[in-house]
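Raw structure.txt, compact mmCIF, C-alpha atoms and all ligand atoms:
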```txt
# COMPACT_ATOMS: atom_id res chain seq x y z
CA MET X 1 -78.15 -142.57 61.51
CA LEU X 2 -75.86 -145.53 62.02
CA GLN X 3 -77.24 -147.59 59.17
CA GLY X 4 -74.36 -148.75 56.99
CA LYS X 5 -71.70 -146.95 59.05
CA THR X 6 -68.61 -148.86 60.04
CA VAL X 7 -67.77 -148.48 63.71
CA LEU X 8 -64.40 -149.70 64.89
CA LEU X 9 -64.88 -150.76 68.51
CA GLY X 10 -61.67 -151.11 70.50
CA VAL X 11 -62.03 -153.05 73.73
CA CYS X 12 -59.26 -152.86 76.31
CA GLY X 13 -58.52 -155.00 79.35
CA GLY X 14 -60.58 -153.75 82.25
CA ILE X 15 -63.57 -155.05 84.12
CA ALA X 16 -65.77 -152.62 82.18
CA ALA X 17 -65.05 -154.68 79.04
CA TYR X 18 -68.33 -156.50 79.71
CA LYS X 19 -70.21 -153.23 79.09
CA ALA X 20 -68.63 -153.03 75.64
CA ALA X 21 -70.74 -156.06 74.70
CA ALA X 22 -73.92 -154.07 75.35
CA LEU X 23 -72.49 -151.19 73.29
CA CYS X 24 -71.57 -153.57 70.46
CA SER X 25 -75.09 -154.98 70.49
CA LYS X 26 -76.72 -151.53 70.41
CA LEU X 27 -74.53 -150.39 67.52
CA ALA X 28 -75.20 -153.55 65.52
CA GLN X 29 -78.95 -153.32 66.17
CA ALA X 30 -78.89 -149.72 64.93
CA GLY X 31 -77.53 -150.98 61.61
CA ALA X 32 -73.82 -150.29 62.04
CA GLN X 33 -71.12 -152.64 60.86
CA VAL X 34 -69.21 -153.13 64.10
CA ARG X 35 -65.63 -154.31 63.73
CA VAL X 36 -64.25 -155.25 67.13
CA ILE X 37 -60.58 -155.23 68.06
CA MET X 38 -59.73 -156.53 71.51
CA THR X 39 -56.46 -156.21 73.34
CA LYS X 40 -55.05 -159.45 74.69
CA SER X 41 -55.88 -158.29 78.22
CA ALA X 42 -59.49 -157.67 77.23
CA THR X 43 -59.83 -161.35 76.36
CA GLU X 44 -59.09 -162.12 80.03
CA PHE X 45 -62.33 -160.35 80.95
CA ILE X 46 -64.70 -161.32 78.16
CA ALA X 47 -64.62 -163.90 75.38
CA PRO X 48 -64.07 -162.77 71.78
CA LEU X 49 -66.93 -165.06 70.83
CA THR X 50 -69.32 -162.67 72.61
CA PHE X 51 -68.33 -159.83 70.28
CA GLN X 52 -68.16 -162.09 67.25
CA THR X 53 -71.73 -163.23 67.89
CA LEU X 54 -73.04 -159.73 68.54
CA SER X 55 -71.24 -158.09 65.62
CA ARG X 56 -71.38 -161.00 63.16
CA HIS X 57 -67.76 -160.31 62.28
CA ASP X 58 -64.43 -161.83 63.19
CA VAL X 59 -62.86 -160.23 66.23
CA MET X 60 -59.26 -159.09 65.76
CA ILE X 61 -56.74 -159.50 68.58
CA ASP X 62 -53.36 -160.28 67.03
CA THR X 63 -51.83 -157.94 64.43
CA PHE X 64 -50.27 -160.88 62.63
CA ASP X 65 -53.37 -163.03 62.51
CA GLU X 66 -54.12 -162.06 58.91
CA LYS X 67 -57.41 -163.72 58.06
CA ASP X 68 -57.75 -162.32 54.54
CA ALA X 69 -54.66 -162.47 52.31
CA SER X 70 -56.02 -159.82 49.96
CA VAL X 71 -55.74 -157.05 52.57
CA VAL X 72 -53.51 -155.93 55.43
CA SER X 73 -55.98 -156.21 58.29
CA HIS X 74 -55.07 -153.23 60.44
CA ILE X 75 -54.88 -150.87 57.45
CA HIS X 76 -58.08 -152.25 55.98
CA LEU X 77 -59.93 -151.83 59.28
CA ALA X 78 -58.44 -148.37 59.81
CA ASP X 79 -59.48 -147.23 56.33
CA SER X 80 -62.98 -148.70 56.44
CA ALA X 81 -63.95 -147.06 59.75
CA ASP X 82 -66.36 -144.12 59.74
CA VAL X 83 -65.62 -143.72 63.41
CA ALA X 84 -63.44 -145.44 66.01
CA VAL X 85 -64.54 -145.91 69.61
CA VAL X 86 -62.30 -147.19 72.38
CA ALA X 87 -64.51 -148.41 75.23
CA PRO X 88 -63.30 -149.14 77.79
CA ALA X 89 -60.03 -147.30 77.28
CA THR X 90 -57.42 -148.16 79.89
CA ALA X 91 -54.72 -145.79 81.14
CA ASN X 92 -52.25 -147.96 79.20
CA MET X 93 -54.07 -147.59 75.87
CA ILE X 94 -54.54 -143.85 76.39
CA GLY X 95 -50.80 -143.58 77.07
CA LYS X 96 -49.95 -145.57 73.94
CA MET X 97 -52.25 -143.43 71.82
CA ALA X 98 -50.73 -140.25 73.20
CA LEU X 99 -47.22 -141.49 72.43
CA GLY X 100 -48.13 -142.91 69.03
CA LEU X 101 -47.11 -146.44 70.00
CA ALA X 102 -48.26 -149.37 67.90
CA ASP X 103 -47.44 -152.62 69.66
CA ASP X 104 -50.71 -154.48 69.30
CA MET X 105 -53.61 -154.71 66.86
CA LEU X 106 -55.71 -152.00 68.51
CA SER X 107 -53.00 -149.36 68.97
CA THR X 108 -51.66 -150.06 65.47
CA THR X 109 -55.09 -149.65 63.89
CA LEU X 110 -55.79 -146.48 65.87
CA LEU X 111 -52.53 -145.02 64.64
CA ALA X 112 -53.44 -145.90 61.06
CA THR X 113 -56.97 -144.56 61.02
CA THR X 114 -57.97 -141.10 59.91
CA ALA X 115 -61.52 -141.58 61.21
CA PRO X 116 -62.71 -139.52 64.19
CA VAL X 117 -61.83 -141.26 67.44
CA PHE X 118 -63.94 -141.41 70.60
CA VAL X 119 -62.34 -142.59 73.83
CA ALA X 120 -64.35 -143.70 76.86
CA PRO X 121 -61.88 -144.13 79.74
CA ALA X 122 -62.46 -146.54 82.61
CA MET X 123 -60.02 -147.06 85.46
CA ASN X 124 -59.37 -146.60 89.15
CA VAL X 125 -60.06 -143.09 90.47
CA HIS X 126 -56.40 -142.42 91.35
CA MET X 127 -55.20 -143.70 87.98
CA TYR X 128 -57.69 -141.40 86.27
CA ALA X 129 -56.53 -138.41 88.30
CA HIS X 130 -52.82 -139.21 87.80
CA PRO X 131 -51.02 -136.31 86.09
CA ALA X 132 -49.58 -138.68 83.48
CA VAL X 133 -53.03 -139.89 82.45
CA GLN X 134 -54.46 -136.36 82.55
CA GLN X 135 -51.56 -135.10 80.43
CA ASN X 136 -52.05 -137.92 77.91
CA MET X 137 -55.75 -137.13 77.65
CA ARG X 138 -54.97 -133.46 77.13
CA THR X 139 -52.54 -134.37 74.35
CA LEU X 140 -55.16 -136.51 72.66
CA ALA X 141 -57.91 -133.89 73.09
CA GLU X 142 -55.61 -131.36 71.43
CA ARG X 143 -55.35 -133.76 68.48
CA GLY X 144 -59.11 -133.89 68.19
CA VAL X 145 -59.84 -137.12 70.07
CA ARG X 146 -63.27 -136.84 71.68
CA PHE X 147 -63.55 -138.09 75.24
CA ILE X 148 -66.68 -139.57 76.72
CA GLU X 149 -66.30 -138.76 80.40
CA PRO X 150 -66.28 -141.60 82.91
CA GLY X 151 -68.99 -141.57 85.55
CA THR X 152 -68.59 -141.21 89.31
CA GLY X 153 -69.65 -143.96 91.66
CA GLN X 154 -68.69 -147.33 93.08
CA LEU X 155 -65.73 -148.75 91.15
CA ALA X 156 -65.00 -152.46 90.78
CA CYS X 157 -61.70 -151.96 92.66
CA GLY X 158 -63.65 -150.94 95.77
CA TYR X 159 -63.09 -147.20 95.54
CA VAL X 160 -65.86 -144.68 95.11
CA GLY X 161 -64.99 -141.92 92.65
CA LYS X 162 -64.55 -140.97 89.03
CA GLY X 163 -63.46 -143.69 86.65
CA ARG X 164 -66.52 -145.80 85.88
CA LEU X 165 -67.04 -146.36 82.16
CA ALA X 166 -69.85 -144.21 80.79
CA GLU X 167 -72.99 -146.28 80.33
CA PRO X 168 -73.32 -148.02 76.93
CA GLU X 169 -76.46 -145.93 76.26
CA GLU X 170 -74.47 -142.75 76.78
CA ILE X 171 -71.64 -143.84 74.49
CA PHE X 172 -74.16 -144.97 71.90
CA ALA X 173 -75.92 -141.58 72.10
CA GLU X 174 -72.61 -139.72 71.58
CA ILE X 175 -71.81 -141.77 68.48
CA SER X 176 -75.34 -141.34 67.11
CA ARG X 177 -75.11 -137.59 67.66
CA PHE X 178 -71.89 -137.57 65.70
CA PHE X 179 -73.67 -139.02 62.68
CA GLN X 180 -76.75 -136.89 63.16
CA GLN X 181 -77.46 -135.21 59.86
CA ASP X 182 -79.80 -132.82 61.59
CA LYS X 183 -78.75 -129.22 61.06
CA PRO X 184 -80.23 -127.30 63.98
CA LEU X 185 -78.90 -123.96 62.70
CA GLN X 186 -80.17 -124.37 59.13
CA GLY X 187 -81.37 -121.02 57.82
CA LYS X 188 -79.81 -119.06 60.70
CA LYS X 189 -77.43 -116.18 60.19
CA VAL X 190 -74.59 -116.29 62.67
CA ILE X 191 -71.91 -113.69 63.33
CA VAL X 192 -68.85 -114.98 65.16
CA THR X 193 -66.05 -112.68 66.27
CA ALA X 194 -62.60 -114.11 66.88
CA GLY X 195 -58.96 -113.25 67.31
CA GLY X 196 -57.36 -110.27 68.97
CA THR X 197 -57.83 -106.65 67.97
CA VAL X 198 -54.81 -104.53 67.07
CA GLU X 199 -54.59 -100.94 68.32
CA ARG X 200 -51.94 -98.97 66.47
CA ILE X 201 -49.48 -96.71 68.25
CA ASP X 202 -47.64 -95.79 65.07
CA PRO X 203 -47.26 -97.47 61.64
CA VAL X 204 -45.06 -100.27 63.04
CA ARG X 205 -46.13 -100.66 66.66
CA TYR X 206 -49.37 -101.74 68.24
CA LEU X 207 -51.16 -103.08 71.32
CA THR X 208 -52.74 -106.51 71.04
CA ASN X 209 -53.24 -109.73 73.01
CA ASP X 210 -52.55 -113.47 72.81
CA SER X 211 -55.73 -114.58 71.05
CA SER X 212 -55.02 -117.13 68.31
CA GLY X 213 -58.58 -117.13 66.98
CA LYS X 214 -58.87 -120.88 67.63
CA MET X 215 -61.95 -120.64 69.85
CA GLY X 216 -63.90 -118.34 67.54
CA PHE X 217 -62.83 -120.19 64.40
CA ALA X 218 -63.98 -123.50 65.93
CA ILE X 219 -67.38 -121.92 66.66
CA ALA X 220 -67.63 -120.59 63.12
CA GLU X 221 -66.71 -123.98 61.66
CA GLU X 222 -69.17 -125.85 63.85
CA ALA X 223 -71.97 -123.35 63.18
CA ARG X 224 -71.39 -123.88 59.46
CA ARG X 225 -71.50 -127.65 59.94
CA MET X 226 -74.83 -127.22 61.73
CA GLY X 227 -76.25 -125.48 58.69
CA ALA X 228 -75.82 -121.79 59.56
CA GLU X 229 -74.76 -119.03 57.23
CA VAL X 230 -71.69 -117.75 59.04
CA VAL X 231 -69.86 -114.44 59.00
CA LEU X 232 -66.55 -114.67 60.83
CA VAL X 233 -65.30 -111.24 61.86
CA SER X 234 -61.74 -111.69 62.98
CA GLY X 235 -58.89 -109.62 64.23
CA LYS X 236 -55.34 -110.90 64.35
CA ALA X 237 -55.35 -114.71 64.38
CA THR X 238 -53.07 -117.62 63.60
CA ALA X 239 -55.72 -120.33 63.14
CA PRO X 240 -56.60 -121.35 59.56
CA VAL X 241 -59.87 -119.87 58.28
CA PRO X 242 -62.54 -122.60 58.16
CA ALA X 243 -64.05 -123.46 54.80
CA GLY X 244 -67.50 -122.22 53.91
CA VAL X 245 -67.65 -119.16 56.14
CA ASN X 246 -67.65 -115.51 55.06
CA TYR X 247 -64.44 -114.13 56.46
CA VAL X 248 -64.19 -110.46 57.33
CA GLY X 249 -60.71 -109.49 58.50
CA VAL X 250 -60.49 -106.43 60.76
CA GLU X 251 -57.76 -104.74 62.72
CA SER X 252 -58.94 -102.52 65.57
CA ALA X 253 -61.87 -102.71 67.99
CA ARG X 254 -63.45 -99.84 66.08
CA ASP X 255 -63.19 -101.81 62.81
CA MET X 256 -64.70 -104.82 64.53
CA LEU X 257 -67.57 -102.75 65.94
CA GLN X 258 -68.38 -101.43 62.46
CA ALA X 259 -68.15 -104.87 60.83
CA VAL X 260 -70.51 -106.34 63.42
CA LEU X 261 -72.98 -103.42 63.31
CA ASP X 262 -73.10 -103.57 59.48
CA ARG X 263 -74.40 -107.13 59.69
CA PHE X 264 -76.23 -107.08 63.01
CA GLU X 265 -79.76 -106.34 61.88
CA ASP X 266 -79.97 -109.48 59.75
CA ALA X 267 -78.27 -111.75 62.25
CA ASP X 268 -80.05 -114.38 64.33
CA ILE X 269 -77.12 -115.24 66.57
CA VAL X 270 -73.97 -113.32 67.53
CA ILE X 271 -71.14 -115.05 69.37
CA LYS X 272 -68.35 -112.81 70.60
CA ALA X 273 -65.27 -114.94 71.19
CA ALA X 274 -62.89 -112.17 70.13
CA ALA X 275 -60.47 -110.67 72.60
CA VAL X 276 -61.22 -107.00 72.09
CA ALA X 277 -58.89 -104.32 73.41
CA ASP X 278 -60.58 -102.33 76.14
CA TYR X 279 -58.35 -99.31 75.39
CA ARG X 280 -56.56 -97.82 72.39
CA PRO X 281 -53.90 -95.14 72.11
CA ALA X 282 -55.57 -91.72 72.16
CA GLU X 283 -53.46 -90.77 69.18
CA GLN X 284 -51.92 -92.79 66.41
CA ALA X 285 -48.63 -91.29 65.24
CA PRO X 286 -48.57 -90.95 61.45
CA GLN X 287 -44.81 -91.69 61.37
CA LYS X 288 -42.65 -94.12 63.31
CA ILE X 289 -42.03 -92.65 66.76
CA LYS X 290 -38.33 -91.88 67.36
CA LYS X 291 -36.65 -92.91 70.60
CA ASN X 292 -35.59 -89.41 71.58
CA GLU X 293 -36.85 -89.50 75.16
CA GLU X 294 -35.80 -91.72 78.12
CA THR X 295 -39.40 -92.48 78.96
CA MET X 296 -42.53 -92.49 76.93
CA THR X 297 -46.14 -92.16 77.98
CA ILE X 298 -48.97 -93.38 75.86
CA THR X 299 -52.41 -92.11 76.79
CA LEU X 300 -55.11 -94.67 76.24
CA VAL X 301 -58.79 -94.04 75.73
CA LYS X 302 -61.60 -96.53 76.23
CA ASN X 303 -62.91 -98.47 73.24
CA GLN X 304 -66.63 -98.75 72.81
CA ASP X 305 -67.83 -102.13 74.09
CA ILE X 306 -69.12 -104.01 71.04
CA LEU X 307 -70.97 -106.63 73.03
CA GLN X 308 -72.69 -104.07 75.19
CA THR X 309 -73.61 -102.00 72.14
CA ILE X 310 -75.32 -104.90 70.38
CA GLY X 311 -76.84 -106.04 73.69
CA GLU X 312 -78.56 -102.66 73.95
CA ARG X 313 -79.72 -102.77 70.31
CA LYS X 314 -80.87 -106.36 70.12
CA THR X 315 -84.31 -107.18 68.82
CA LYS X 316 -84.50 -110.87 67.80
CA GLN X 317 -80.79 -111.66 68.09
CA PHE X 318 -79.51 -114.36 70.45
CA ILE X 319 -76.30 -113.00 71.93
CA VAL X 320 -73.46 -115.00 73.43
CA GLY X 321 -70.58 -113.21 75.11
CA PHE X 322 -67.33 -114.65 76.32
CA ALA X 323 -65.65 -113.75 79.60
CA ALA X 324 -61.91 -114.18 79.98
CA GLU X 325 -61.32 -114.24 83.73
CA THR X 326 -58.56 -115.18 86.14
CA GLU X 327 -60.57 -115.02 89.39
CA LYS X 328 -64.16 -114.89 90.73
CA ILE X 329 -65.33 -116.55 87.51
CA ASP X 330 -69.01 -116.93 88.43
CA GLU X 331 -69.35 -113.42 89.83
CA TYR X 332 -67.61 -111.63 86.97
CA ALA X 333 -69.28 -113.74 84.26
CA MET X 334 -72.74 -113.02 85.68
CA ALA X 335 -71.93 -109.32 85.96
CA LYS X 336 -70.93 -109.24 82.27
CA LEU X 337 -74.04 -111.16 81.26
CA ARG X 338 -76.29 -108.62 82.98
CA LYS X 339 -74.39 -105.50 81.95
CA LYS X 340 -74.04 -106.52 78.30
CA ARG X 341 -77.53 -108.05 78.07
CA CYS X 342 -76.30 -111.41 76.79
CA ASP X 343 -78.45 -114.52 76.53
CA LEU X 344 -75.47 -116.67 77.47
CA VAL X 345 -71.96 -115.99 78.69
CA VAL X 346 -69.13 -118.48 78.23
CA ALA X 347 -66.49 -117.95 80.90
CA ASN X 348 -63.02 -119.35 80.67
CA ASP X 349 -60.41 -119.14 83.40
CA VAL X 350 -57.58 -118.02 81.16
CA SER X 351 -55.01 -118.68 83.88
CA ALA X 352 -55.89 -122.40 84.04
CA GLU X 353 -53.82 -124.98 82.17
CA GLY X 354 -55.41 -126.13 78.92
CA ALA X 355 -57.81 -123.17 78.86
CA GLY X 356 -58.06 -119.79 77.20
CA PHE X 357 -55.56 -118.16 74.87
CA GLY X 358 -53.55 -120.01 72.26
CA VAL X 359 -54.18 -123.62 73.28
CA ASP X 360 -56.31 -126.17 71.39
CA THR X 361 -58.44 -127.00 74.41
CA ASN X 362 -60.66 -124.98 76.72
CA VAL X 363 -62.44 -125.36 80.05
CA VAL X 364 -65.61 -123.30 80.11
CA ARG X 365 -68.59 -122.51 82.31
CA ILE X 366 -71.73 -121.34 80.55
CA TYR X 367 -74.23 -119.04 82.28
CA ASP X 368 -77.65 -117.64 81.54
CA LYS X 369 -79.60 -115.03 83.50
CA ASP X 370 -80.41 -117.57 86.22
CA GLY X 371 -76.81 -118.69 86.75
CA LEU X 372 -74.64 -121.65 85.77
CA VAL X 373 -76.09 -123.78 82.97
CA GLU X 374 -73.17 -126.06 82.12
CA ALA X 375 -69.62 -126.55 83.39
CA LEU X 376 -67.63 -128.34 80.70
CA PRO X 377 -64.41 -130.18 81.56
CA MET X 378 -61.30 -129.71 79.45
CA MET X 379 -62.03 -130.61 75.84
CA GLY X 380 -60.96 -129.59 72.35
CA LYS X 381 -62.19 -126.17 71.25
CA ASN X 382 -64.16 -127.85 68.44
CA GLU X 383 -65.99 -129.90 71.05
CA VAL X 384 -66.62 -126.80 73.20
CA ALA X 385 -68.01 -125.11 70.08
CA ALA X 386 -70.32 -128.05 69.34
CA ARG X 387 -71.62 -128.16 72.91
CA LEU X 388 -72.17 -124.40 73.01
CA LEU X 389 -73.97 -124.30 69.68
CA LYS X 390 -76.22 -127.19 70.63
CA LEU X 391 -77.21 -125.23 73.70
CA VAL X 392 -77.80 -122.10 71.63
CA ALA X 393 -79.89 -124.04 69.09
CA SER X 394 -82.00 -125.53 71.85
CA ARG X 395 -82.77 -122.03 73.18
CA LEU X 396 -83.78 -120.37 69.93
CA PRO X 397 -87.46 -119.42 69.83
CA ASP X 398 -88.05 -121.69 66.81
CA ARG X 399 -85.67 -124.47 67.80
CA LYS X 400 -85.30 -127.22 65.24
CA GLY X 401 -84.92 -130.51 67.07
CA ALA X 402 -81.75 -129.69 68.92
CA ASP X 403 -81.26 -131.74 72.04
O1 LIG L 1 -58.48 -117.04 70.38
P1 LIG L 1 -57.99 -118.15 71.31
O2 LIG L 1 -56.49 -118.19 71.39
O3 LIG L 1 -58.61 -119.47 70.96
O4 LIG L 1 -58.47 -117.78 72.79
C1 LIG L 1 -59.82 -117.79 73.10
C2 LIG L 1 -60.21 -116.62 74.02
C3 LIG L 1 -59.51 -116.76 75.37
C4 LIG L 1 -59.84 -115.28 73.39
C5 LIG L 1 -61.78 -116.71 74.18
O5 LIG L 1 -62.11 -117.95 74.74
C6 LIG L 1 -62.31 -115.59 75.07
O6 LIG L 1 -62.36 -115.68 76.29
N1 LIG L 1 -62.72 -114.47 74.42
C7 LIG L 1 -63.15 -113.23 75.11
C8 LIG L 1 -61.94 -112.44 75.51
C9 LIG L 1 -62.32 -111.13 76.14
O7 LIG L 1 -62.08 -110.11 75.58
O8 LIG L 1 -62.97 -111.24 77.27
P2 LIG L 1 -63.45 -110.00 78.19
O9 LIG L 1 -63.89 -110.65 79.46
O10 LIG L 1 -62.40 -108.95 78.25
O11 LIG L 1 -64.70 -109.42 77.39
C10 LIG L 1 -66.02 -109.89 77.61
C11 LIG L 1 -66.80 -109.90 76.32
O12 LIG L 1 -66.97 -108.57 75.85
C12 LIG L 1 -66.18 -110.70 75.19
O13 LIG L 1 -67.21 -111.39 74.50
C13 LIG L 1 -65.57 -109.63 74.31
O14 LIG L 1 -65.55 -110.04 72.94
C14 LIG L 1 -66.51 -108.47 74.52
N2 LIG L 1 -65.90 -107.14 74.36
C15 LIG L 1 -64.93 -106.70 75.19
C16 LIG L 1 -64.43 -105.42 75.05
C17 LIG L 1 -64.95 -104.59 74.02
N3 LIG L 1 -64.50 -103.35 73.83
N4 LIG L 1 -65.91 -105.06 73.22
C18 LIG L 1 -66.40 -106.30 73.37
O15 LIG L 1 -67.28 -106.72 72.62
```
As structure tokens, the full file:
Amino acid sequence: MLQGKTVLLGVCGGIAAYKAAALCSKLAQAGAQVRVIMTKSATEFIAPLTFQTLSRHDVMIDTFDEKDASVVSHIHLADSADVAVVAPATANMIGKMALGLADDMLSTTLLATTAPVFVAPAMNVHMYAHPAVQQNMRTLAERGVRFIEPGTGQLACGYVGKGRLAEPEEIFAEISRFFQQDKPLQGKKVIVTAGGTVERIDPVRYLTNDSSGKMGFAIAEEARRMGAEVVLVSGKATAPVPAGVNYVGVESARDMLQAVLDRFEDADIVIKAAAVADYRPAEQAPQKIKKNEETMTITLVKNQDILQTIGERKTKQFIVGFAAETEKIDEYAMAKLRKKRCDLVVANDVSAEGAGFGVDTNVVRIYDKDGLVEALPMMGKNEVAARLLKLVASRLPDRKGAD
């Protein structure tokens, strides 16, 4: 998978810099061209010669140390990278990345690259938990930076807690997975619902919710990338429609029900990320309602539950529901899973920062009939989608090599 790929490895100044040597070695042995950039502080912890020997390439430290007059080094390195990995990433480098600062070779190159960026933080437990660092990581996750979570354990500073650089094997596995050409959903038909439904009161007024469609669209995009044939049934949304999916725009919950049922029999997987209105106005006025009265009462009637309907009708389909909760997440998610006969339920606490409606990130807990399967920390919705779909692929009766 890594054969011939160019991996830009950024090494920052922390004691975990020594682990970056093992990562560099693994990447090089797997056939990658590893181009190492060290910060000046990193050279206090480990010699550039170590990386030069392991990667068989010059190690860059100083932006102005132009070794090849035919190119501008930081732009050349930025352009040639298939992926960039910062390991270990210090709080300082994460802060610079979040702010778009470019005051050394590594930060300048990271600003110039359009390649996907992985960041593996390593620092003291209190630094990691500091709101400034957490905010910076959130900012970067929203821009699509993929974080490789630090581990918990004994830290070099003497503390025990979260902040230890992920093991080189783990980081290597993440990068390999990124290049994995395997398409675990090849040949599968997937229906994804997204966005918010619109329930008309009259021709110009309606009831809806804050769904942007970002979560469902990310799932549709990722399912497509994994080889599936995707139908994206979406209500009102602001996110751009991903390429390569069959887009079916709908308005009300009833429209969405019909669009899903029309395609349900053929589907292998249905993922219901849409925020569907539970109620709709009992009557829809044919003309704009005039403000003649001091008060106005709208009678609402219950919408049919789409997820429950398909749950009751399922034959071969693997069904994933979402649960938007603000309290008792586990209890309510499990109740929905049982009632709606889902194979998995993805619960998000929509009152938590960086989760739920409108934002680019989410924090989800995934359940099956036996309880919690995975609790994912805050990450970009694309990353949530990838993790969810990998889990789905691994649970299909005829799974195709998903891990
Ligand atoms: O679109 P974004 O801005 O990215 O926001 C993402 C999200 C918060 C909308 C998404 O992550 C999410 O939680 N979607 C489900 C929202 C919701 O309606 O949750 P619920 O707990 O009310 O419903 C549970 C499940 O039943 C959902 O899968 C829902 O699609 C489904 N449902 C609900 C009512 C109904 N009449 N029919 C349904 O199918």
For Ser80 of chain X, which residue out of X:Ala141, X:Gly13, X:Val7, X:Val133 is the nearest one, using all atoms listed in the file? X:Val7
Quick one: contact table of segment 169-217 of chain X to segment 316-327 of chain X, 10 Å max, nearest atom pair and distance in Å to one decimal per residue, counting all atoms listed in the file, chain and number order, as a Markdown table?
```
| residue | atom | partner | partner_atom | distance |
| --- | --- | --- | --- | --- |
| X:Lys189 | CA | X:Gln317 | CA | 9.7 |
| X:Val190 | CA | X:Phe318 | CA | 9.4 |
| X:Ile191 | CA | X:Ile319 | CA | 9.7 |
| X:Val192 | CA | X:Val320 | CA | 9.5 |
| X:Thr193 | CA | X:Gly321 | CA | 9.9 |
```
Output of the above residues as a compact mmCIF listing (two decimals), in the frame of the given file, restricted to C-alpha atoms:
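File written: out_26.txt
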```txt
# COMPACT_ATOMS: atom_id res chain seq x y z
CA LYS X 189 -77.43 -116.18 60.19
CA VAL X 190 -74.59 -116.29 62.67
CA ILE X 191 -71.91 -113.69 63.33
CA VAL X 192 -68.85 -114.98 65.16
CA THR X 193 -66.05 -112.68 66.27
```
Could you list the protein, DNA and RNA residues that have any atom within 6 Å of ligand LIG 1 (chain L), counting all atoms listed in the file, and write them as number ranges by chain? X: 195, 211-215, 272-278, 303-307, 321-324, 348, 356-358
What is the distance between atom CA of Leu23 of chain X and atom CA of Ile75 of chain X, in Å to one decimal?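 The value is 23.7 Å.
The smallest atom-to-atom distance between Leu155 of chain X and any of X:Tyr332, X:Tyr128, X:Phe264, X:Phe179, using only C-alpha atoms, is found for X:Tyr128.
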Who sits within 8 Å of Ala84 of chain X, all atoms listed in the file, same chain under 3 positions skipped, as a list in words: Val7, Leu8, Leu9, Gly10, Ala81, Leu110, Ala115, Pro116, Val117 and Phe118 of chain X
As an exercise, work out the distance from atom CA of Ala78 of chain X to atom CA of Ala385 of chain X in Å and give it to one decimal place.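 For atom CA of Ala78 of chain X relative to atom CA of Ala385 of chain X, the distance reads 27.2 Å.
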